[in-house]
Amino acid sequence: MFKYHIHRAAVIGSGTMGAAVAAHLANAGIPVVLLDIIPKDAPAGNKEARNKIVRDGWEKCLKSKPANLMAADLKTLVRIGNLEDDFTLLSDADWIIEAIIEDLKIKQALMAKIDQVRKPGAIVSTNTSGIPVKEIAQNCSREFKRHFLGTHFFNPPRYLKLLEVIPTAETSRDVINFICHFGEFRLGKGIVLCKDTPNFIANRLAFGTAAFGMNFILENNYTVDEVDALTGPLMGHPKTATFRLIDLVGVDVWEHVGKNLAPAIPHDKLAQKYLAAEKPARLIHTMVEKGWLGNKTKVGFYKEIQSEGKKEFWPLDLAKVEHIPPTKPKFDSVGKAKDIESLGERLKVILGESDRGAQLIQALTYQGFQYASLLLPEIADSPKPIDDAARWGFMHEAGPFETWDLLGVADVQTKMKSLGYPPARWVEQMLKSGCTSFYQYKNGGKVGVYDVVKEKYVKLKKPSGMVFLNELRGTRKVIKENTGATLFDIGDEVALVEFHTKMNALDDDIMDMLIDAMDRTEQDFVGLVVGNEGENFSAGANLFMLVVGAQQGMWDKLEASVRKLQDLNMRMRYFPKPVVVTPAGLTLGGGCEVTMHAPRVVAAAETYIGLVELGAGVIPAGGGTKEIIRRVINPAMRVENAEVQMFLQRAFLQIGQAKVATSAEEARGMEILSPSDRVVLNREHLLSEAKQEVLHMNAHGYRAPAPELIYASGRDMLNALRIGAWSFREGRYITEYDHFVASKLAYVMCGGELTRPQWVSEQYILDLEREAILSLFGEERTQARMWSLLQTGKPLRN
């Protein structure tokens, strides 16, 4: 139990970072005060004018894409004000975060003022990205310093998991432990505890290697198109690759960080060499002078061009400093490697090639390894903080030392030396001591890491009570497995079903495992979790199986498959013991239907969920249409004299437009999640929280709900929907075939041609769902839509 709590927070500075941090605190349900300076010419007493800077910053944050808030309604948790009229509001805050201009004297002056108003025990932190944390609070009281530290968020904080925590020598250990715990468990962050060294860990690593990369690119005449084709997913990096990332960060920010970093690390000879390189400095400075700052000015290393009515992004010619039409560079090495799924095996292939593409990846990979090794033990004692920072801060598939392990440490070291990128001496010493990798592994998971200071492996600490499926594979905890799913015993008499098909698409193997899991749970367990540790919960049904079955006329098999999904969903809905489903990432179509039938959902905050079947030319038929009626229309129609039309229209459009919630909280507003369902911000904690939810439900005497009737609107409302769909078609908002499929949906949602509204059984609607989808399977245009999704990943508007 911690003696600290955070019920209210304050953020000072409403720029891009400060406002986004305030938004993420709101995502976690924490009321926030957001303050900024007043304009110089703002008259006294005119609050609107005096709040202009903070209001503009907050409104810009609200309009940002991708969205900083997980649901629009959460904005009510943020109150704006200014640093003169509202400064005393800070006295109510349990955590005050400073995110103002990177100027030491200004920060010191602000901290001195905060010291005068903060309540005893309130934690204060700085979001500085480079100023020594210890210097910012040096003029404050001893009690202040005990509650002061650095908390460096990465932008955008909703999406980037990394939170660097930088204590000073005077920070209380209780404060450090509390902020690390709060950041991980409440804000969903990956915590990297940093030494108070220049630029901490992530940015020190990033700019040290990027300075080399930029110089190598310019010296060897690579193009923007070539570099971004090579340095994205091929290397295990995001699609933003190199130059799109700089445009996202801001070319001016890039220049600013480089200029500030160089004088702060005079001892770092390798970084100094490239930070001082003339060609990159001249190019970046020229772009800043031209106002080509990246995404925020809509021109940087890429420029948006309208060409023949189409949007194109023209890359910068790095020699001429002018934008040119895009090209599609091709390299033989890329052709050989791009379809290999494993990062290690993919890199082994491309690093073994010799064309220009391979040469760039060799240089960036080996220099990256070299620089990362030279940073130890200055910025961290072991490789783990560096790898965590690279994955969580820059969304890399693996950090430099993790990647090095995949390739083989000894072999790579030899190659690095031969190409002029010798690693730090400790790497060779580690290998000579018999430690052949940076991490120790067991069952595919890391259990230890090499500590450079202690010169030996140290055990990795893990929170107690956590569920990690990789640790259970190959043990007696595996109850049963097939090609599509595995059933685990995750302890405390709780079972778990994990999907592991491609994109976790639902097929017979998964459905069979779910049925068997419920059979076993009735006898041997107190409850069941349905979830996985993959990127996506489930992208829906196996379309290939469905379209092939339709084209071969396997109608009995298709009917049995649809009925099977309906039956297992209904069994789960009325199961006598707790069943908790854990959606995360893409949870579409059938994946959404499974989720909606769970007695309880524990969802990852970043869950993108919806009934998207109309894009494939069918309707939700695993109980999804029935559930939307039950959740949207039923509650309204229990009110005396209620009119159904507006609720029916809402439900019809949600399915008909294939709407997808962009967060779990947004899904709650769409009635896909219920008020009792939980949202977890840290994806790694999802299965553990779901297990605890099963135990909680069992301990409090869970019982299944009573069967519920469904409101069927009948013939008159069916005609109203048909008219609405016809008008959309006539207005060319939808195609003729969209209209055809929408008419099938309308028929099911109204309960068919009933002469009057009435309450019907769930099975009545399920039978209509099944009849409709089977008829649509037989349509050539539905089959064409399915093949388009399978072959291109894009819906066909035929």
# chains A, B, ... in the order shown; residues from 1 in each chain; ligands from 1
>>> residues_around(residues="A:Phe647", least_positions_apart="6", cutoff="10 Å", atoms="only C-alpha atoms", output="number ranges by chain")
A: 629, 632-637, 653
>>> select_by_dssp(residues="stretch 13-167 of chain A", states="strand (DSSP E)", output="VMD selection string")
chain A and resid 32 to 36 78 to 82 95 to 98 123 to 126 148 to 153 162 to 167
>>> residues_around(residues="A:Asp268", least_positions_apart="3", cutoff="10 Å", atoms="only C-alpha atoms", output="short mmCIF file (atom, residue, chain, number, x, y, z; two decimals) with all heavy atoms, in the first residue's frame")
data_model
loop_
_atom_site.label_atom_id
_atom_site.label_comp_id
_atom_site.auth_asym_id
_atom_site.auth_seq_id
_atom_site.Cartn_x
_atom_site.Cartn_y
_atom_site.Cartn_z
N GLY A 208 21.83 9.99 -31.22
CA GLY A 208 23.20 9.55 -31.48
C GLY A 208 23.29 8.68 -32.72
O GLY A 208 24.21 8.82 -33.54
N ALA A 262 24.62 18.28 -28.33
CA ALA A 262 26.07 18.29 -28.59
C ALA A 262 26.88 18.87 -27.43
O ALA A 262 27.82 18.22 -26.95
CB ALA A 262 26.36 19.02 -29.90
N PRO A 263 26.58 20.07 -26.92
CA PRO A 263 27.40 20.61 -25.82
C PRO A 263 27.22 19.86 -24.51
O PRO A 263 28.05 19.99 -23.60
CB PRO A 263 26.90 22.05 -25.70
CG PRO A 263 25.54 22.07 -26.29
CD PRO A 263 25.57 21.05 -27.38
N ALA A 264 26.14 19.09 -24.38
CA ALA A 264 25.87 18.37 -23.13
C ALA A 264 26.65 17.07 -23.04
O ALA A 264 26.77 16.49 -21.95
CB ALA A 264 24.38 18.10 -22.99
N ILE A 265 27.18 16.59 -24.18
CA ILE A 265 27.90 15.30 -24.17
C ILE A 265 29.28 15.43 -24.83
O ILE A 265 29.59 14.73 -25.78
CB ILE A 265 27.07 14.20 -24.88
CG1 ILE A 265 26.61 14.65 -26.27
CG2 ILE A 265 25.87 13.80 -24.03
CD1 ILE A 265 25.99 13.54 -27.11
N ALA A 271 29.18 10.29 -31.00
CA ALA A 271 28.04 11.15 -31.33
C ALA A 271 28.51 12.52 -31.81
O ALA A 271 27.95 13.08 -32.77
CB ALA A 271 27.13 11.31 -30.12
N GLN A 272 29.55 13.07 -31.18
CA GLN A 272 30.05 14.40 -31.56
C GLN A 272 30.46 14.44 -33.03
O GLN A 272 30.21 15.43 -33.72
CB GLN A 272 31.24 14.79 -30.68
CG GLN A 272 30.89 15.12 -29.25
CD GLN A 272 30.10 16.42 -29.13
OE1 GLN A 272 30.03 17.23 -30.04
NE2 GLN A 272 29.48 16.60 -27.97
N LYS A 273 31.07 13.37 -33.49
CA LYS A 273 31.54 13.32 -34.87
C LYS A 273 30.41 13.56 -35.86
O LYS A 273 30.56 14.31 -36.84
CB LYS A 273 32.18 11.96 -35.13
CG LYS A 273 32.66 11.75 -36.56
CD LYS A 273 33.28 10.36 -36.71
CE LYS A 273 33.72 10.13 -38.15
NZ LYS A 273 34.29 8.75 -38.32
N TYR A 371 26.78 1.98 -31.05
CA TYR A 371 26.49 3.14 -30.20
C TYR A 371 25.75 2.74 -28.93
O TYR A 371 26.06 3.22 -27.83
CB TYR A 371 25.70 4.19 -30.98
CG TYR A 371 25.57 5.49 -30.24
CD1 TYR A 371 26.70 6.26 -29.96
CD2 TYR A 371 24.34 5.96 -29.80
CE1 TYR A 371 26.60 7.45 -29.26
CE2 TYR A 371 24.23 7.16 -29.11
CZ TYR A 371 25.37 7.90 -28.84
OH TYR A 371 25.28 9.08 -28.14
N LEU A 374 28.18 1.38 -26.46
CA LEU A 374 29.05 2.41 -25.88
C LEU A 374 28.34 3.27 -24.84
O LEU A 374 28.99 3.93 -24.03
CB LEU A 374 29.62 3.29 -26.99
CG LEU A 374 30.66 2.62 -27.91
CD1 LEU A 374 30.93 3.47 -29.13
CD2 LEU A 374 31.95 2.35 -27.15
N LEU A 375 27.01 3.28 -24.85
CA LEU A 375 26.25 4.06 -23.88
C LEU A 375 26.19 3.40 -22.50
O LEU A 375 25.81 4.04 -21.53
CB LEU A 375 24.82 4.30 -24.39
CG LEU A 375 24.70 5.26 -25.58
CD1 LEU A 375 23.24 5.33 -26.05
CD2 LEU A 375 25.20 6.65 -25.23
#
>>> residues_around(residues="stretch 131-148 of chain A", least_positions_apart="4", cutoff="8 Å", atoms="only C-alpha atoms", output="number ranges by chain")
A: 102, 104, 107-108, 111-112, 115, 121-126, 166-172, 175, 196-199
>>> write_last_selection(atoms="N, CA and C atoms", output="PDB file, in the first residue's frame")
ATOM      1  N   GLU A 102      11.724  24.791 -22.871  1.00  0.00           N
ATOM      2  CA  GLU A 102      12.974  24.197 -22.382  1.00  0.00           C
ATOM      3  C   GLU A 102      13.998  25.296 -22.073  1.00  0.00           C
ATOM      4  N   LEU A 104      16.092  26.632 -18.605  1.00  0.00           N
ATOM      5  CA  LEU A 104      16.358  26.300 -17.211  1.00  0.00           C
ATOM      6  C   LEU A 104      15.915  27.392 -16.252  1.00  0.00           C
ATOM      7  N   LYS A 107      12.136  27.532 -15.883  1.00  0.00           N
ATOM      8  CA  LYS A 107      11.663  26.375 -15.118  1.00  0.00           C
ATOM      9  C   LYS A 107      11.973  26.538 -13.632  1.00  0.00           C
ATOM     10  N   GLN A 108      13.172  27.027 -13.319  1.00  0.00           N
ATOM     11  CA  GLN A 108      13.541  27.219 -11.909  1.00  0.00           C
ATOM     12  C   GLN A 108      12.631  28.236 -11.225  1.00  0.00           C
ATOM     13  N   MET A 111       9.265  26.597 -10.557  1.00  0.00           N
ATOM     14  CA  MET A 111       9.318  25.646  -9.448  1.00  0.00           C
ATOM     15  C   MET A 111       9.321  26.372  -8.098  1.00  0.00           C
ATOM     16  N   ALA A 112      10.021  27.494  -8.027  1.00  0.00           N
ATOM     17  CA  ALA A 112      10.040  28.261  -6.779  1.00  0.00           C
ATOM     18  C   ALA A 112       8.641  28.746  -6.408  1.00  0.00           C
ATOM     19  N   ASP A 115       6.534  25.791  -5.225  1.00  0.00           N
ATOM     20  CA  ASP A 115       6.946  25.420  -3.872  1.00  0.00           C
ATOM     21  C   ASP A 115       6.142  26.176  -2.812  1.00  0.00           C
ATOM     22  N   GLY A 121       3.161  16.830   0.571  1.00  0.00           N
ATOM     23  CA  GLY A 121       3.032  15.503  -0.020  1.00  0.00           C
ATOM     24  C   GLY A 121       2.722  15.497  -1.488  1.00  0.00           C
ATOM     25  N   ALA A 122       2.375  16.661  -2.072  1.00  0.00           N
ATOM     26  CA  ALA A 122       2.090  16.710  -3.514  1.00  0.00           C
ATOM     27  C   ALA A 122       3.369  16.445  -4.301  1.00  0.00           C
ATOM     28  N   ILE A 123       3.242  15.625  -5.330  1.00  0.00           N
ATOM     29  CA  ILE A 123       4.385  15.283  -6.179  1.00  0.00           C
ATOM     30  C   ILE A 123       4.466  16.290  -7.313  1.00  0.00           C
ATOM     31  N   VAL A 124       5.678  16.744  -7.629  1.00  0.00           N
ATOM     32  CA  VAL A 124       5.910  17.676  -8.728  1.00  0.00           C
ATOM     33  C   VAL A 124       6.915  17.038  -9.674  1.00  0.00           C
ATOM     34  N   SER A 125       6.652  17.106 -10.978  1.00  0.00           N
ATOM     35  CA  SER A 125       7.596  16.533 -11.933  1.00  0.00           C
ATOM     36  C   SER A 125       7.749  17.439 -13.136  1.00  0.00           C
ATOM     37  N   THR A 126       8.878  17.284 -13.799  1.00  0.00           N
ATOM     38  CA  THR A 126       9.158  18.030 -15.021  1.00  0.00           C
ATOM     39  C   THR A 126       9.142  17.084 -16.210  1.00  0.00           C
ATOM     40  N   ILE A 166      12.870   9.960 -14.004  1.00  0.00           N
ATOM     41  CA  ILE A 166      14.236  10.390 -13.701  1.00  0.00           C
ATOM     42  C   ILE A 166      14.281  10.999 -12.309  1.00  0.00           C
ATOM     43  N   PRO A 167      14.633  10.230 -11.306  1.00  0.00           N
ATOM     44  CA  PRO A 167      14.749  10.792  -9.961  1.00  0.00           C
ATOM     45  C   PRO A 167      16.072  11.530  -9.796  1.00  0.00           C
ATOM     46  N   THR A 168      16.132  12.376  -8.800  1.00  0.00           N
ATOM     47  CA  THR A 168      17.404  12.980  -8.409  1.00  0.00           C
ATOM     48  C   THR A 168      17.906  12.257  -7.169  1.00  0.00           C
ATOM     49  N   ALA A 169      19.091  12.642  -6.709  1.00  0.00           N
ATOM     50  CA  ALA A 169      19.642  12.014  -5.506  1.00  0.00           C
ATOM     51  C   ALA A 169      18.781  12.291  -4.284  1.00  0.00           C
ATOM     52  N   GLU A 170      17.981  13.366  -4.332  1.00  0.00           N
ATOM     53  CA  GLU A 170      17.173  13.758  -3.184  1.00  0.00           C
ATOM     54  C   GLU A 170      15.722  13.268  -3.252  1.00  0.00           C
ATOM     55  N   THR A 171      15.327  12.672  -4.363  1.00  0.00           N
ATOM     56  CA  THR A 171      13.945  12.195  -4.490  1.00  0.00           C
ATOM     57  C   THR A 171      13.688  11.033  -3.539  1.00  0.00           C
ATOM     58  N   SER A 172      12.581  11.085  -2.833  1.00  0.00           N
ATOM     59  CA  SER A 172      12.215  10.012  -1.913  1.00  0.00           C
ATOM     60  C   SER A 172      11.995   8.708  -2.675  1.00  0.00           C
ATOM     61  N   VAL A 175       8.389   8.049  -3.304  1.00  0.00           N
ATOM     62  CA  VAL A 175       7.838   8.796  -4.441  1.00  0.00           C
ATOM     63  C   VAL A 175       8.198   8.106  -5.750  1.00  0.00           C
ATOM     64  N   ASP A 196      20.087  10.561 -14.438  1.00  0.00           N
ATOM     65  CA  ASP A 196      19.930  11.958 -14.862  1.00  0.00           C
ATOM     66  C   ASP A 196      21.097  12.358 -15.762  1.00  0.00           C
ATOM     67  N   THR A 197      21.131  11.735 -16.950  1.00  0.00           N
ATOM     68  CA  THR A 197      22.175  12.003 -17.939  1.00  0.00           C
ATOM     69  C   THR A 197      21.559  12.727 -19.128  1.00  0.00           C
ATOM     70  N   PRO A 198      22.364  13.405 -19.955  1.00  0.00           N
ATOM     71  CA  PRO A 198      21.811  14.210 -21.061  1.00  0.00           C
ATOM     72  C   PRO A 198      20.856  13.420 -21.959  1.00  0.00           C
ATOM     73  N   ASN A 199      19.664  13.976 -22.145  1.00  0.00           N
ATOM     74  CA  ASN A 199      18.614  13.384 -22.988  1.00  0.00           C
ATOM     75  C   ASN A 199      18.145  12.014 -22.506  1.00  0.00           C
TER      76      ASN A 199
END
>>> residues_around(residues="A:Gln370", least_positions_apart="4", cutoff="8 Å", atoms="only C-alpha atoms", output="list of chain:residue names")
A:Tyr366, A:Leu374, A:Met416, A:Tyr421, A:Pro422, A:Pro423, A:Ala424
>>> residues_around(residues="stretch 654-668 of chain A", least_positions_apart="6", cutoff="7 Å", atoms="only C-alpha atoms", output="NGL selection string")
:A and (70-71 or 603-615 or 674 or 679 or 742)
>>> write_last_selection(atoms="all heavy atoms", output="short mmCIF file (atom, residue, chain, number, x, y, z; two decimals), in the first residue's frame")
data_model
loop_
_atom_site.label_atom_id
_atom_site.label_comp_id
_atom_site.auth_asym_id
_atom_site.auth_seq_id
_atom_site.Cartn_x
_atom_site.Cartn_y
_atom_site.Cartn_z
N MET A 70 -9.56 9.34 -25.56
CA MET A 70 -10.14 8.06 -25.95
C MET A 70 -11.64 8.15 -26.18
O MET A 70 -12.22 7.24 -26.77
CB MET A 70 -9.82 7.01 -24.89
CG MET A 70 -8.35 6.67 -24.82
SD MET A 70 -7.97 5.49 -23.51
CE MET A 70 -6.20 5.29 -23.78
N ALA A 71 -12.26 9.21 -25.71
CA ALA A 71 -13.67 9.48 -25.98
C ALA A 71 -13.89 10.97 -25.79
O ALA A 71 -13.31 11.57 -24.87
CB ALA A 71 -14.57 8.67 -25.04
N ALA A 603 -11.41 -4.87 -21.39
CA ALA A 603 -10.89 -4.47 -22.69
C ALA A 603 -9.62 -3.65 -22.56
O ALA A 603 -9.47 -2.83 -21.65
CB ALA A 603 -11.94 -3.66 -23.45
N ALA A 604 -8.69 -3.86 -23.49
CA ALA A 604 -7.54 -2.95 -23.60
C ALA A 604 -8.05 -1.60 -24.06
O ALA A 604 -8.98 -1.52 -24.89
CB ALA A 604 -6.53 -3.50 -24.60
N ALA A 605 -7.48 -0.53 -23.54
CA ALA A 605 -7.93 0.81 -23.91
C ALA A 605 -7.88 1.02 -25.41
O ALA A 605 -8.78 1.60 -26.01
CB ALA A 605 -7.09 1.87 -23.19
N GLU A 606 -6.80 0.51 -26.03
CA GLU A 606 -6.67 0.64 -27.49
C GLU A 606 -7.29 -0.57 -28.16
O GLU A 606 -6.61 -1.45 -28.69
CB GLU A 606 -5.20 0.81 -27.87
CG GLU A 606 -4.54 2.06 -27.31
CD GLU A 606 -5.24 3.36 -27.74
OE1 GLU A 606 -5.87 3.36 -28.81
OE2 GLU A 606 -5.16 4.35 -26.99
N THR A 607 -8.60 -0.62 -28.12
CA THR A 607 -9.38 -1.66 -28.79
C THR A 607 -10.17 -1.01 -29.91
O THR A 607 -10.88 -0.02 -29.69
CB THR A 607 -10.34 -2.36 -27.81
OG1 THR A 607 -9.57 -3.03 -26.79
CG2 THR A 607 -11.21 -3.39 -28.52
N TYR A 608 -10.04 -1.54 -31.12
CA TYR A 608 -10.72 -0.99 -32.29
C TYR A 608 -11.76 -2.02 -32.72
O TYR A 608 -11.45 -3.00 -33.38
CB TYR A 608 -9.69 -0.68 -33.39
CG TYR A 608 -8.54 0.12 -32.82
CD1 TYR A 608 -7.27 -0.45 -32.70
CD2 TYR A 608 -8.73 1.41 -32.34
CE1 TYR A 608 -6.23 0.27 -32.13
CE2 TYR A 608 -7.69 2.13 -31.77
CZ TYR A 608 -6.45 1.56 -31.67
OH TYR A 608 -5.42 2.26 -31.10
N ILE A 609 -12.99 -1.78 -32.29
CA ILE A 609 -14.01 -2.82 -32.31
C ILE A 609 -15.26 -2.36 -33.03
O ILE A 609 -15.68 -1.21 -32.91
CB ILE A 609 -14.34 -3.27 -30.86
CG1 ILE A 609 -15.30 -4.45 -30.83
CG2 ILE A 609 -14.86 -2.11 -30.02
CD1 ILE A 609 -15.44 -5.08 -29.44
N GLY A 610 -15.87 -3.27 -33.80
CA GLY A 610 -17.11 -2.93 -34.48
C GLY A 610 -17.61 -4.08 -35.33
O GLY A 610 -16.89 -5.05 -35.61
N LEU A 611 -18.85 -3.95 -35.76
CA LEU A 611 -19.49 -4.94 -36.64
C LEU A 611 -19.32 -4.42 -38.07
O LEU A 611 -20.05 -3.55 -38.51
CB LEU A 611 -20.96 -5.11 -36.26
CG LEU A 611 -21.19 -5.65 -34.85
CD1 LEU A 611 -22.66 -5.53 -34.45
CD2 LEU A 611 -20.73 -7.11 -34.75
N VAL A 612 -18.35 -4.98 -38.78
CA VAL A 612 -17.95 -4.45 -40.09
C VAL A 612 -18.39 -5.35 -41.24
O VAL A 612 -17.91 -5.21 -42.37
CB VAL A 612 -16.42 -4.26 -40.14
CG1 VAL A 612 -15.98 -3.24 -39.10
CG2 VAL A 612 -15.69 -5.59 -39.90
N GLU A 613 -19.32 -6.27 -40.97
CA GLU A 613 -19.65 -7.30 -41.95
C GLU A 613 -20.16 -6.75 -43.27
O GLU A 613 -19.97 -7.37 -44.33
CB GLU A 613 -20.69 -8.26 -41.35
CG GLU A 613 -20.13 -9.27 -40.36
CD GLU A 613 -20.03 -8.73 -38.94
OE1 GLU A 613 -20.20 -7.50 -38.74
OE2 GLU A 613 -19.77 -9.53 -38.02
N LEU A 614 -20.83 -5.58 -43.26
CA LEU A 614 -21.37 -5.07 -44.52
C LEU A 614 -20.27 -4.77 -45.54
O LEU A 614 -20.51 -4.81 -46.74
CB LEU A 614 -22.24 -3.83 -44.30
CG LEU A 614 -23.74 -4.19 -44.19
CD1 LEU A 614 -24.07 -4.78 -42.84
CD2 LEU A 614 -24.62 -3.01 -44.51
N GLY A 615 -19.07 -4.50 -45.07
CA GLY A 615 -17.96 -4.31 -46.00
C GLY A 615 -17.61 -5.58 -46.75
O GLY A 615 -17.01 -5.52 -47.83
N SER A 674 -20.51 -2.56 -22.07
CA SER A 674 -21.56 -2.15 -21.13
C SER A 674 -20.94 -1.30 -20.02
O SER A 674 -19.72 -1.26 -19.85
CB SER A 674 -22.21 -3.39 -20.53
OG SER A 674 -21.34 -3.99 -19.58
N VAL A 679 -12.01 -1.20 -18.53
CA VAL A 679 -11.01 -0.81 -19.52
C VAL A 679 -9.66 -0.73 -18.82
O VAL A 679 -9.53 -0.11 -17.77
CB VAL A 679 -11.35 0.55 -20.16
CG1 VAL A 679 -10.24 1.00 -21.11
CG2 VAL A 679 -12.68 0.45 -20.93
N ALA A 742 -28.13 -3.72 -47.25
CA ALA A 742 -28.78 -2.94 -46.18
C ALA A 742 -30.25 -3.34 -46.03
O ALA A 742 -30.79 -3.34 -44.91
CB ALA A 742 -28.67 -1.45 -46.47
#
>>> atom_distance(atom1="atom CA of A:Ile723", atom2="atom CA of A:Glu593")
28.0 Å
>>> residues_around(residues="A:Leu709", least_positions_apart="5", cutoff="9 Å", atoms="only C-alpha atoms", output="mmCIF file with C-alpha atoms, in the first residue's frame")
data_model
loop_
_atom_site.group_PDB
_atom_site.id
_atom_site.type_symbol
_atom_site.label_atom_id
_atom_site.label_comp_id
_atom_site.auth_asym_id
_atom_site.auth_seq_id
_atom_site.Cartn_x
_atom_site.Cartn_y
_atom_site.Cartn_z
ATOM 1 C CA ARG A 630 -30.892 -5.639 -27.373
ATOM 2 C CA ASN A 634 -34.537 -2.647 -25.885
ATOM 3 C CA TRP A 759 -41.238 -8.670 -28.172
ATOM 4 C CA VAL A 760 -39.691 -11.830 -29.609
ATOM 5 C CA SER A 761 -37.142 -14.390 -28.426
ATOM 6 C CA GLU A 762 -33.426 -14.023 -29.067
#
>>> select_by_dssp(residues="stretch 67-190 of chain A", states="helix (DSSP H, G or I)", output="PyMOL selection string")
chain A and resi 72-77+87-92+104-117+133-136+142-146+173-185
>>> closest_residue(among="A:His696, A:His597, A:Lys477, A:Lys577", to="A:Leu673", atoms="only C-alpha atoms")
A:His597
>>> closest_residue(among="A:Phe216, A:Tyr302, A:Trp726, A:Tyr711", to="A:Leu754", atoms="only C-alpha atoms")
A:Tyr711
>>> atom_distance(atom1="atom CA of A:Lys161", atom2="atom CA of A:Met395")
8.5 Å
>>> closest_residue(among="A:His152, A:Arg244, A:Lys296, A:Lys303", to="A:Asn203", atoms="only C-alpha atoms")
A:His152
>>> decode(residues="stretch 156-173 of chain A", atoms="N, CA and C atoms", output="mmCIF file, in the first residue's frame")
data_model
loop_
_atom_site.group_PDB
_atom_site.id
_atom_site.type_symbol
_atom_site.label_atom_id
_atom_site.label_comp_id
_atom_site.auth_asym_id
_atom_site.auth_seq_id
_atom_site.Cartn_x
_atom_site.Cartn_y
_atom_site.Cartn_z
ATOM 1 N N PRO A 156 2.670 11.046 -29.254
ATOM 2 C CA PRO A 156 1.543 11.381 -28.378
ATOM 3 C C PRO A 156 1.432 10.398 -27.209
ATOM 4 N N PRO A 157 1.231 10.911 -25.995
ATOM 5 C CA PRO A 157 1.269 10.047 -24.809
ATOM 6 C C PRO A 157 0.199 8.968 -24.786
ATOM 7 N N ARG A 158 -0.912 9.189 -25.480
ATOM 8 C CA ARG A 158 -1.928 8.125 -25.521
ATOM 9 C C ARG A 158 -1.383 6.886 -26.228
ATOM 10 N N TYR A 159 -0.592 7.070 -27.266
ATOM 11 C CA TYR A 159 -0.203 5.955 -28.125
ATOM 12 C C TYR A 159 1.208 5.430 -27.861
ATOM 13 N N LEU A 160 2.123 6.284 -27.393
ATOM 14 C CA LEU A 160 3.482 5.832 -27.129
ATOM 15 C C LEU A 160 3.595 5.435 -25.662
ATOM 16 N N LYS A 161 4.007 4.219 -25.436
ATOM 17 C CA LYS A 161 3.935 3.614 -24.109
ATOM 18 C C LYS A 161 5.011 4.112 -23.146
ATOM 19 N N LEU A 162 6.096 4.612 -23.668
ATOM 20 C CA LEU A 162 7.247 4.919 -22.819
ATOM 21 C C LEU A 162 7.002 6.093 -21.870
ATOM 22 N N LEU A 163 7.372 5.904 -20.614
ATOM 23 C CA LEU A 163 7.458 6.987 -19.635
ATOM 24 C C LEU A 163 8.806 6.851 -18.939
ATOM 25 N N GLU A 164 9.705 7.792 -19.217
ATOM 26 C CA GLU A 164 11.000 7.800 -18.549
ATOM 27 C C GLU A 164 10.843 8.508 -17.203
ATOM 28 N N VAL A 165 11.241 7.844 -16.135
ATOM 29 C CA VAL A 165 11.176 8.402 -14.786
ATOM 30 C C VAL A 165 12.607 8.691 -14.349
ATOM 31 N N ILE A 166 12.870 9.960 -14.004
ATOM 32 C CA ILE A 166 14.236 10.390 -13.701
ATOM 33 C C ILE A 166 14.281 10.999 -12.309
ATOM 34 N N PRO A 167 14.633 10.230 -11.306
ATOM 35 C CA PRO A 167 14.749 10.792 -9.961
ATOM 36 C C PRO A 167 16.072 11.530 -9.796
ATOM 37 N N THR A 168 16.132 12.376 -8.800
ATOM 38 C CA THR A 168 17.404 12.980 -8.409
ATOM 39 C C THR A 168 17.906 12.257 -7.169
ATOM 40 N N ALA A 169 19.091 12.642 -6.709
ATOM 41 C CA ALA A 169 19.642 12.014 -5.506
ATOM 42 C C ALA A 169 18.781 12.291 -4.284
ATOM 43 N N GLU A 170 17.981 13.366 -4.332
ATOM 44 C CA GLU A 170 17.173 13.758 -3.184
ATOM 45 C C GLU A 170 15.722 13.268 -3.252
ATOM 46 N N THR A 171 15.327 12.672 -4.363
ATOM 47 C CA THR A 171 13.945 12.195 -4.490
ATOM 48 C C THR A 171 13.688 11.033 -3.539
ATOM 49 N N SER A 172 12.581 11.085 -2.833
ATOM 50 C CA SER A 172 12.215 10.012 -1.913
ATOM 51 C C SER A 172 11.995 8.708 -2.675
ATOM 52 N N ARG A 173 12.510 7.619 -2.111
ATOM 53 C CA ARG A 173 12.313 6.303 -2.716
ATOM 54 C C ARG A 173 10.832 5.958 -2.789
#
